[in-house]
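For reference, my_file_11.tsv is printed below; it contains TSV, C-alpha atoms.
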chain	number	residue	atom	x	y	z
A	124	MET	CA	8.52	-10.74	26.58
A	125	ARG	CA	9.42	-9.33	23.18
A	126	PRO	CA	6.38	-9.50	20.83
A	127	ALA	CA	6.74	-11.44	17.59
A	128	VAL	CA	4.90	-8.72	15.65
A	129	SER	CA	4.22	-5.02	16.12
A	130	VAL	CA	0.96	-4.07	14.38
A	131	ILE	CA	0.79	-0.33	13.61
A	132	VAL	CA	-2.62	1.28	13.04
A	133	PRO	CA	-2.84	5.02	12.20
A	134	VAL	CA	-6.18	6.32	13.48
A	135	TYR	CA	-7.97	9.38	12.14
A	136	ARG	CA	-11.76	9.81	11.95
A	137	ALA	CA	-12.14	6.06	12.23
A	138	GLU	CA	-14.86	5.87	14.88
A	139	ARG	CA	-17.25	3.99	12.55
A	140	PHE	CA	-14.82	1.19	11.76
A	141	LEU	CA	-12.24	1.05	14.54
A	142	ALA	CA	-13.89	-1.67	16.63
A	143	GLN	CA	-13.90	-4.19	13.77
A	144	CYS	CA	-10.27	-3.36	12.97
A	145	VAL	CA	-8.91	-3.58	16.50
A	146	GLU	CA	-10.89	-6.66	17.49
A	147	SER	CA	-9.75	-8.53	14.38
A	148	VAL	CA	-6.11	-7.88	15.35
A	149	LEU	CA	-6.56	-8.80	19.01
A	150	ALA	CA	-8.33	-12.03	17.99
A	151	GLN	CA	-5.31	-13.31	16.03
A	152	SER	CA	-4.40	-16.98	16.42
A	153	ARG	CA	-0.87	-15.74	17.15
A	154	SER	CA	-1.34	-13.76	20.35
A	155	ASP	CA	2.31	-12.72	20.81
A	156	LEU	CA	1.80	-9.29	19.30
A	157	GLU	CA	1.61	-5.67	20.30
A	158	LEU	CA	-0.95	-3.30	18.79
A	159	LEU	CA	0.18	0.32	18.41
A	160	LEU	CA	-2.80	2.64	17.90
A	161	ILE	CA	-1.63	6.07	16.71
A	162	ASP	CA	-4.35	8.64	17.35
A	163	ASP	CA	-3.40	11.28	14.78
A	164	GLY	CA	-5.35	14.12	16.39
A	165	SER	CA	-8.65	12.55	15.40
A	166	PRO	CA	-11.55	15.01	15.99
A	167	ASP	CA	-14.14	12.27	16.59
A	168	GLY	CA	-14.30	9.69	19.37
A	169	SER	CA	-11.52	7.51	17.95
A	170	GLY	CA	-8.95	8.54	20.56
A	171	SER	CA	-11.25	7.57	23.45
A	172	LEU	CA	-11.96	4.23	21.80
A	173	CYS	CA	-8.21	3.60	21.54
A	174	ASP	CA	-7.76	4.33	25.24
A	175	GLY	CA	-10.61	1.96	26.06
A	176	TYR	CA	-8.92	-0.91	24.23
A	177	ALA	CA	-5.64	-0.17	26.04
A	178	ARG	CA	-7.44	-0.54	29.37
A	179	LEU	CA	-8.91	-3.88	28.28
A	180	ASP	CA	-5.81	-5.50	26.75
A	181	ALA	CA	-2.20	-5.03	27.87
A	182	ARG	CA	-1.00	-5.67	24.30
A	183	VAL	CA	-2.50	-2.36	23.16
A	184	ARG	CA	-0.40	0.79	23.32
A	185	VAL	CA	-1.87	4.17	22.38
A	186	ILE	CA	0.05	7.18	21.10
A	187	HIS	CA	-1.82	10.49	20.90
A	188	GLN	CA	-0.34	13.18	18.67
A	189	GLN	CA	-1.41	16.33	16.87
A	190	ASN	CA	-2.69	15.69	13.37
A	191	ALA	CA	0.30	15.24	11.07
A	192	GLY	CA	-0.94	12.78	8.45
A	193	VAL	CA	-0.81	9.03	7.91
A	194	SER	CA	2.93	8.90	7.19
A	195	ALA	CA	3.83	10.71	10.41
A	196	ALA	CA	1.45	8.46	12.34
A	197	ARG	CA	3.02	5.30	10.93
A	198	ASN	CA	6.48	6.71	11.66
A	199	ALA	CA	5.47	7.32	15.27
A	200	GLY	CA	4.53	3.65	15.47
A	201	LEU	CA	7.83	2.57	13.93
A	202	GLU	CA	9.76	4.62	16.51
A	203	ARG	CA	8.10	2.65	19.32
A	204	ALA	CA	7.70	-0.79	17.75
A	205	ALA	CA	9.36	-3.62	19.71
A	206	GLY	CA	8.41	-6.64	17.59
A	207	ASP	CA	10.60	-8.89	15.49
A	208	TYR	CA	8.29	-8.14	12.56
A	209	ILE	CA	6.24	-5.11	11.55
A	210	ALA	CA	2.72	-5.10	10.09
A	211	PHE	CA	0.45	-2.20	9.15
A	212	VAL	CA	-3.35	-2.10	9.21
A	213	ASP	CA	-5.56	0.82	8.21
A	214	ALA	CA	-8.15	1.72	10.83
A	215	ASP	CA	-11.09	1.15	8.48
A	216	ASP	CA	-9.92	-2.34	7.43
A	217	TRP	CA	-9.80	-5.72	9.17
A	218	VAL	CA	-7.90	-9.01	8.99
A	219	GLU	CA	-8.56	-12.74	9.07
A	220	PRO	CA	-7.90	-14.60	12.37
A	221	ASP	CA	-4.85	-16.40	10.94
A	222	TRP	CA	-3.45	-13.34	9.14
A	223	LEU	CA	-0.24	-13.15	11.19
A	224	GLU	CA	0.16	-16.88	11.81
A	225	SER	CA	-0.03	-17.63	8.09
A	226	MET	CA	2.46	-14.97	7.07
A	227	LEU	CA	4.91	-15.89	9.81
A	228	ALA	CA	4.69	-19.53	8.69
A	229	ALA	CA	5.36	-18.49	5.08
A	230	LEU	CA	8.47	-16.59	6.17
A	231	ASP	CA	9.65	-19.53	8.29
A	232	GLY	CA	9.27	-21.74	5.22
A	233	GLU	CA	11.35	-19.40	3.04
A	234	PRO	CA	14.50	-18.52	5.03
A	235	GLY	CA	15.73	-16.22	2.26
A	236	ALA	CA	12.74	-13.87	2.53
A	237	ASP	CA	12.44	-10.78	4.74
A	238	ILE	CA	8.93	-9.78	3.61
A	239	CYS	CA	5.70	-11.71	3.14
A	240	ALA	CA	2.94	-10.38	0.85
A	241	CYS	CA	-0.57	-11.80	1.17
A	242	GLY	CA	-3.72	-11.52	-0.91
A	243	HIS	CA	-6.64	-9.27	0.00
A	244	LEU	CA	-10.33	-8.72	-0.53
A	245	ARG	CA	-11.46	-5.29	-1.73
A	246	HIS	CA	-14.82	-4.15	-0.34
A	247	GLU	CA	-16.65	-1.21	-1.94
A	248	ASP	CA	-20.33	-0.59	-1.25
A	249	GLU	CA	-21.97	-3.99	-1.77
A	250	ARG	CA	-19.21	-5.33	-4.02
A	251	THR	CA	-16.36	-7.57	-2.92
A	252	GLU	CA	-13.44	-8.40	-5.20
A	253	ASP	CA	-10.77	-10.99	-4.46
A	254	ARG	CA	-7.38	-9.53	-5.41
A	255	SER	CA	-5.43	-12.66	-4.44
A	256	ALA	CA	-5.35	-14.31	-7.86
A	257	ARG	CA	-2.82	-11.74	-9.14
A	258	LEU	CA	-0.32	-12.84	-6.51
A	259	CYS	CA	2.15	-15.52	-7.54
A	260	THR	CA	3.15	-18.33	-5.21
A	261	GLY	CA	6.68	-18.64	-3.87
A	262	PHE	CA	9.76	-16.46	-3.68
A	263	LEU	CA	10.58	-13.22	-5.52
A	264	SER	CA	14.03	-11.67	-5.66
A	265	PRO	CA	14.21	-7.96	-4.75
A	266	ASP	CA	14.21	-6.96	-8.44
A	267	GLU	CA	11.25	-9.24	-9.21
A	268	ALA	CA	9.32	-7.97	-6.18
A	269	PHE	CA	10.06	-4.34	-7.08
A	270	CYS	CA	8.52	-4.90	-10.51
A	271	SER	CA	5.60	-6.90	-9.14
A	272	ALA	CA	4.67	-4.05	-6.75
A	273	LEU	CA	4.52	-1.63	-9.68
A	274	ARG	CA	2.47	-3.87	-11.93
A	275	GLY	CA	-0.29	-5.13	-9.65
A	276	GLY	CA	1.24	-8.39	-8.41
A	277	ILE	CA	2.22	-8.02	-4.77
A	278	ASP	CA	0.91	-4.42	-4.94
A	279	GLY	CA	2.58	-1.42	-3.38
A	280	TYR	CA	0.49	-1.32	-0.23
A	281	CYS	CA	2.21	-1.64	3.13
A	282	TRP	CA	-0.87	-3.23	4.74
A	283	ASN	CA	-0.79	-6.53	2.84
A	284	LYS	CA	2.76	-7.28	3.96
A	285	LEU	CA	4.73	-8.47	6.98
A	286	PHE	CA	8.22	-6.95	7.24
A	287	TYR	CA	11.31	-8.10	9.11
A	288	ALA	CA	11.74	-5.28	11.64
A	289	PRO	CA	15.47	-4.54	10.99
A	290	LEU	CA	14.47	-3.24	7.55
A	291	PHE	CA	13.10	-0.20	9.39
A	292	LYS	CA	16.26	0.61	11.32
A	293	GLU	CA	16.57	3.82	9.29
A	294	LEU	CA	13.67	3.52	6.84
A	295	ARG	CA	10.65	5.78	7.36
A	296	PHE	CA	7.63	7.06	5.42
A	297	ASP	CA	8.10	10.43	3.71
A	298	PRO	CA	5.57	12.88	5.27
A	299	ALA	CA	6.06	15.28	2.36
A	300	ILE	CA	4.44	12.78	-0.05
A	301	SER	CA	0.73	12.17	0.56
A	302	VAL	CA	0.01	9.83	-2.37
A	303	LEU	CA	1.96	6.63	-3.14
A	304	GLU	CA	3.79	7.05	0.17
A	305	ASP	CA	3.25	3.38	0.97
A	306	LEU	CA	4.48	2.26	-2.46
A	307	LEU	CA	7.68	4.26	-1.94
A	308	LEU	CA	8.20	2.77	1.50
A	309	CYS	CA	7.57	-0.76	0.21
A	310	GLN	CA	9.98	-0.34	-2.69
A	311	ARG	CA	12.74	0.95	-0.42
A	312	ALA	CA	12.17	-1.95	1.97
A	313	ILE	CA	12.13	-4.46	-0.89
A	314	LEU	CA	15.46	-3.21	-2.24
A	315	GLN	CA	17.00	-3.57	1.23
A	316	SER	CA	15.56	-7.06	1.71
A	317	ARG	CA	16.76	-10.47	0.61
A	318	GLY	CA	13.43	-11.12	-1.11
A	319	VAL	CA	9.66	-11.55	-0.75
A	320	VAL	CA	7.59	-14.68	-0.23
A	321	CYS	CA	4.07	-14.55	-1.68
A	322	LEU	CA	1.00	-15.99	0.02
A	323	PRO	CA	-1.97	-15.80	-2.39
A	324	ARG	CA	-4.66	-16.08	0.27
A	325	PRO	CA	-7.11	-13.21	1.03
A	326	LEU	CA	-6.06	-12.57	4.61
A	327	TYR	CA	-6.62	-8.80	4.58
A	328	HIS	CA	-9.91	-6.91	4.05
A	329	TYR	CA	-9.49	-3.52	2.38
A	330	ARG	CA	-12.48	-1.19	2.65
A	331	ILE	CA	-13.19	1.60	0.15
A	332	HIS	CA	-15.63	4.26	1.34
A	333	GLY	CA	-16.41	7.93	0.90
A	334	LEU	CA	-13.69	9.02	3.33
A	335	SER	CA	-10.87	7.27	1.45
A	336	ALA	CA	-8.02	9.49	0.19
A	337	LEU	CA	-7.94	7.28	-2.92
A	338	HIS	CA	-10.55	9.47	-4.62
A	339	GLN	CA	-9.00	12.86	-3.89
A	340	LEU	CA	-7.90	13.95	-7.34
A	341	ASP	CA	-6.26	17.21	-6.30
A	342	LYS	CA	-4.00	15.37	-3.87
A	343	ARG	CA	-3.02	12.94	-6.62
A	344	LEU	CA	-2.23	15.69	-9.09
A	345	SER	CA	-0.08	17.60	-6.61
A	346	SER	CA	1.78	14.70	-4.97
A	347	GLU	CA	2.24	11.93	-7.52
A	348	PRO	CA	4.89	13.63	-9.73
A	349	ALA	CA	7.36	13.75	-6.81
A	350	ALA	CA	6.57	10.16	-5.88
A	351	TRP	CA	7.15	8.92	-9.42
A	352	ALA	CA	10.40	10.86	-9.69
A	353	GLU	CA	11.66	9.00	-6.61
A	354	LEU	CA	10.39	5.64	-7.88
A	355	LEU	CA	12.20	6.16	-11.18
A	356	ARG	CA	15.36	7.02	-9.24
A	357	LEU	CA	15.05	3.86	-7.13
A	358	ALA	CA	14.62	1.80	-10.29
A	359	SER	CA	17.84	3.02	-11.89
A	360	GLY	CA	20.65	0.54	-12.43
A	361	SER	CA	18.47	-2.43	-13.39
A	362	THR	CA	16.82	-2.85	-16.80
A	363	LEU	CA	14.08	-4.97	-15.23
A	364	ARG	CA	13.27	-2.35	-12.59
A	365	GLU	CA	13.61	0.59	-14.98
A	366	ASP	CA	11.23	-0.95	-17.55
A	367	SER	CA	8.57	-1.57	-14.90
A	368	ALA	CA	8.96	1.89	-13.36
A	369	VAL	CA	8.72	3.66	-16.71
A	370	PHE	CA	5.75	1.50	-17.73
A	371	GLY	CA	4.02	2.18	-14.40
A	372	PHE	CA	4.69	5.91	-14.65
A	373	VAL	CA	3.20	6.14	-18.16
A	374	GLN	CA	0.21	3.99	-17.23
A	375	GLN	CA	-0.61	5.91	-14.02
A	376	THR	CA	0.02	9.36	-15.47
A	377	ASN	CA	-2.24	8.60	-18.43
A	378	LEU	CA	-4.92	7.44	-15.97
A	379	ASN	CA	-4.59	10.66	-13.96
A	380	ALA	CA	-4.83	12.70	-17.15
A	381	ARG	CA	-8.12	10.96	-17.95
A	382	ARG	CA	-9.35	11.65	-14.41
A	383	ALA	CA	-8.40	15.31	-14.84
A	384	ASP	CA	-10.28	15.44	-18.17
A	385	LEU	CA	-13.43	14.10	-16.53
A	386	ALA	CA	-13.10	16.63	-13.70
A	387	GLY	CA	-12.86	19.49	-16.19
A	388	LYS	CA	-9.18	20.11	-15.42
A	389	ARG	CA	-8.07	20.41	-19.04
A	390	GLU	CA	-4.85	22.31	-18.38
A	391	GLU	CA	-3.71	19.81	-15.74
A	392	ALA	CA	-4.54	16.93	-18.10
A	393	ALA	CA	-2.45	18.48	-20.86
A	394	GLN	CA	0.49	18.97	-18.49
A	395	LEU	CA	0.32	15.34	-17.38
A	396	ARG	CA	0.31	14.05	-20.95
A	397	ALA	CA	3.25	16.30	-21.81
A	398	SER	CA	5.22	14.90	-18.86
A	399	LEU	CA	4.84	11.30	-19.96
A	400	ARG	CA	5.76	11.76	-23.64
A	401	PRO	CA	9.53	11.29	-23.16
A	402	CYS	CA	8.84	7.88	-21.59
A	403	VAL	CA	6.17	6.52	-23.93
A	404	ARG	CA	8.55	4.93	-26.44
A	405	ARG	CA	10.42	2.97	-23.77
A	406	ALA	CA	7.16	1.87	-22.10
A	407	LEU	CA	5.77	0.53	-25.37
A	408	THR	CA	8.97	-1.22	-26.48
A	409	ALA	CA	10.25	-2.61	-23.16
A	410	GLY	CA	11.04	-6.25	-23.77
A	411	THR	CA	10.64	-7.19	-20.11
A	412	ILE	CA	6.96	-6.14	-20.19
A	413	PRO	CA	4.54	-8.68	-21.74
A	414	ALA	CA	3.40	-7.70	-25.22
A	415	LEU	CA	-0.27	-7.91	-24.20
A	416	GLU	CA	0.25	-5.32	-21.44
A	417	ARG	CA	2.13	-3.03	-23.81
A	418	GLY	CA	-0.65	-3.37	-26.37
A	419	LYS	CA	-3.33	-2.44	-23.84
A	420	LEU	CA	-1.34	0.61	-22.78
A	421	ALA	CA	-0.92	1.72	-26.40
A	422	LEU	CA	-4.70	1.60	-26.88
A	423	LYS	CA	-5.34	3.58	-23.70
A	424	LEU	CA	-2.80	6.21	-24.70
A	425	ALA	CA	-4.42	6.58	-28.11
A	426	PHE	CA	-8.00	6.34	-26.84
A	427	PRO	CA	-8.23	7.46	-23.16
A	428	ALA	CA	-11.97	6.78	-23.11
A	429	LEU	CA	-11.14	3.05	-23.19
A	430	ILE	CA	-9.90	3.26	-19.58
A	431	SER	CA	-12.33	1.26	-17.49
A	432	GLU	CA	-14.73	3.27	-15.34
A	433	ARG	CA	-13.77	1.23	-12.30
A	434	TYR	CA	-10.34	2.91	-12.23
A	435	LEU	CA	-11.72	6.44	-12.45

Go through the file and emit its structure as structure tokens.
Amino acid sequence: MRPAVSVIVPVYRAERFLAQCVESVLAQSRSDLELLLIDDGSPDGSGSLCDGYARLDARVRVIHQQNAGVSAARNAGLERAAGDYIAFVDADDWVEPDWLESMLAALDGEPGADICACGHLRHEDERTEDRSARLCTGFLSPDEAFCSALRGGIDGYCWNKLFYAPLFKELRFDPAISVLEDLLLCQRAILQSRGVVCLPRPLYHYRIHGLSALHQLDKRLSSEPAAWAELLRLASGSTLREDSAVFGFVQQTNLNARRADLAGKREEAAQLRASLRPCVRRALTAGTIPALERGKLALKLAFPALISERYL
């Protein structure tokens, strides 16, 4: 029987967290799923753990490959996915028991939507933050969803979304981009979709820990310019999309410049600030961006030390 959902989990050095991740997926209230575990050449015991779950549950399929990165691992899952819908989970995260059931119900209730975005909880050390409040309720057109993903609404993560599988007929992650690769994929999928339905419930648990690529500044500095160039290209042709993309580019580049300053990378920081100057005027005068947001950005551009420590 064709599964309703294919859940794709890239696995690399995830031995500490994999059991919680896999068991949370297999315990879903909607059992008509397949779980694709992509062992991306993991040097620890993750690959053996994956094989053990495949022996215990026929819904689990394991793909072993040489290490090629998270994008290549997710693409390997997409090549083999058989479900009507596609979901992604990171191997160090976990999901609520009704994660899939709730998102499928939201899509059933909004026939014009091809993607559902849910809320999530962010766990770092002993702190837990509910990121669901930023998510609106209801339907977003592709243009609205594109902007929301750039400005912290539905976010640009692939793991807090359920996608109609035909969106991935030709769409794949770009292995050449190691930062913002999920945002690029989401934005391409959004622009091909009929729209996004939002479900502001914290159904996904996102874990931040010392192994997370989020904190690798060098990777950000080398990869983000290409990602933003593509995002700005995708935004072209719509004032709403272009304003949000330019605003997001200026905001993120200024943040990276501050990170580079704090890391003693003065030359890199200066190059980043030079790259954003042609876009600053549009970012600060864009009528589709709320005045309060533009005001906050103006202050951070003038006084980088005002950037909250939590983002650094």

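Checking A:Leu258, A:Leu141, A:Ala268, A:Ala392 one by one against His243 (chain A), counting all atoms listed in the file, you find the shortest gap at A:Leu258.
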
Do a neighbour search on Glu416 (chain A) at 12 Å with all atoms listed in the file, toss out local chain neighbours closer than 6 positions, and write the hits as a PyMOL selection string. chain A and resi 274-275+367+370-371+374+406-410+422-423

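The coordinates place CA of Cys173 (chain A) at 18.9 Å from CA of Val128 (chain A).
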
Could you name the residues that touch Asp167 (chain A) at 10 Å or less, counting only C-alpha atoms, but leaving out those on the same chain fewer than 3 positions away, as a list in words?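 That gives Tyr135, Arg136, Ala137, Glu138, Arg139, Gly164, Gly170, Ser171 and Leu172 of chain A.
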
From the list A:Tyr327, A:Phe291, A:Phe262, A:Phe372, which residue is nearest Glu219 (chain A) when using all atoms listed in the file? A:Tyr327

Could you put an axis-aligned box around every listed atom of region 293-303 of chain A, padded by 5 Å on each side, and send me its centre and edge lengths in Å to one decimal, as JSON?
{"center_x": 8.3, "center_y": 9.4, "center_z": 3.1, "size_x": 26.6, "size_y": 21.8, "size_z": 22.4}

Counting all atoms listed in the file, which residue out of A:Leu415, A:Val212, A:Leu340, A:Val185 sits closest to Ala383 (chain A)? A:Leu340

For Ala349 (chain A): contacts at 12 Å, all atoms listed in the file, fewer than 4 positions along chain excluded, given as a PyMOL selection string: chain A and resi 297+299-304+307+342-345+353-356+372
